[in-house]
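Notes to accompany the following structure.
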Protein chains: 2
Amino acid sequence: MSDEWLKQVKWNEDGLVPAIAQDVHSGQVLMMAWMNPESLALTVAEKRAIYWSRSRQRLWRKGEDSGHVQHLHDLRLDCDGDCILMKVEQVGGIACHTGRQHCFFYALQDEQWQAVDEVLKDPHAIYSKAGE
Amino acid sequence: MSDEWLKQVKWNEDGLVPAIAQDVHSGQVLMMAWMNPESLALTVAEKRAIYWSRSRQRLWRKGEDSGHVQHLHDLRLDCDGDCILMKVEQVGGIACHTGRQHCFFYALQDEQWQAVDEVLKDPHAIYSKAGE
């Protein structure tokens with residue numbers, strides 16, 4: 001497989017690009033994480049979201065611990081070549097490690113960030129070992 | 001106005017966070033750009049998307065040249081505190097400097113990035129002076 005398309009992505013100084021995952025059914029933006037060339041290539045090859053974990057410095061197959069796999073339906077690159085947008089089918093309906101549907105649950109109210117979205121599943125029940 | 005909420009955002013080493021703009025009506029993810037503390041504070045205060053232009057190293061009031069202002073309807077911070085999601089009303093229905101509705105118009109087809117979304121307006125007709 002030619003990797004010319006990978007070279008056309010504008011990787012940042014750390015060799016990463018931000019990747020946005022959007023629920024293919026509801027349109028909800030689920031999360032934003034990072035990809036390196038290997039993780040992007042694997043995302044395309046395996047048709048599931050595979051990120052690069054900056055905290056753990058390793059590939060992160062979304063759902064590897066939680067089962068909350070993101071099956072890839074569509075993958076786009078933006079006009080500047082420095083951001084990825086994926087439409088995904090979110091297994092379990094939970095993308096966030098806090099047990100919520102998505103990660104963007106802090107709303108600004110009275111000059112404070114307030115968690116406004118429901119926890120669907122106790123994180124302790126999601127992860128058998130270390131959290132994602 | 002207290003700026004404690006601004007301090008709770010996890011700014012990167014350049015003092016920025018990625019900010020995603022999503023169309024409040026269609027759910028289409030329009031673009032991703034960057035914000036510094038001042039631009040985020042102004043976005044909230046002026047209820048319109050105001051980014052930090054990395055290329056021009058200055059505040060970028062989206063639509064300042066094009067008229068394609070993004071009126072803010074909802075603003076969220078993610079679980080890690082390092083990414084912003086906005087729901088916006090996109091004036092003119094065009095977010096991208098190429099004249100498209102959104103910036104994520106490159107799809108991967110036959111191992112090549114192909115522009116698959118329609119240009120709604122000639123960029124030369126959008127910008128009277130230097131492009132955004």
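In the structure tokens, each chain is lettered A, B, ... as it comes, each chain's residues begin at 1, and ligands are numbered from 1 in order of appearance.
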| task | For chain A, work out the contacting residues on chain B at 9 Å, counting only C-alpha atoms, and write them as a ChimeraX atom specification. | result | /B:1-5,8,18,20,22,26-29,31-32,74-81,83-85,96-98,102-108,111-113
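With only C-alpha atoms taken into account, the protein and nucleic acid residues at most 10 Å from Gly67 in chain A (excluding it and anything under 3 positions from it in its own chain) are Arg61, Lys62, Gly63, Glu64, Gln70, Gln90, Val91, Gly92, Ile94, Ile126 and Tyr127 of chain A.
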| message | Could you pull out the helix (DSSP H, G or I) residues of chain A, going by DSSP on the backbone, and write them as number ranges by chain? | response | A: 4-7, 37-46, 91-93, 123-126
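Going from CA of Asp122 in chain A to CA of Gln101 in chain A covers 12.1 Å.
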| field | Near-Arg48 in chain B list (7 Å; only C-alpha atoms; drop same-chain fewer than 3 positions) as an MDAnalysis selection string | value | chainID B and resid 43 70:72
| request: If you run DSSP over the backbone, which residues in chain A end up strand (DSSP E or B)? Put them as a PyMOL selection string. | output: chain A and resi 17-23+29-35+48+50-53+58-61+70-77+84-90+100+106-109+112-115+119
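Contact shell of Glu13 in chain A at 12 Å (only C-alpha atoms; same-chain neighbours under 5 positions omitted): Asn36 and Asp82 of chain A; Glu13 and Asp14 of chain B.
For the set A:Arg58, A:His25, A:Lys10, A:His68, the residue with the smallest atom-to-atom gap to Lys121 in chain A is A:His68, counting only C-alpha atoms.
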| request: Would you mind reading off the distance between CA of Leu16 in chain B and CA of Met35 in chain B, one decimal, in Å? | output: 5.4 Å
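Using only C-alpha atoms for every distance, the candidate list A:Val69, A:Pro123, A:Val88, A:Val17 yields A:Val17 as the residue closest to Trp34 in chain A.
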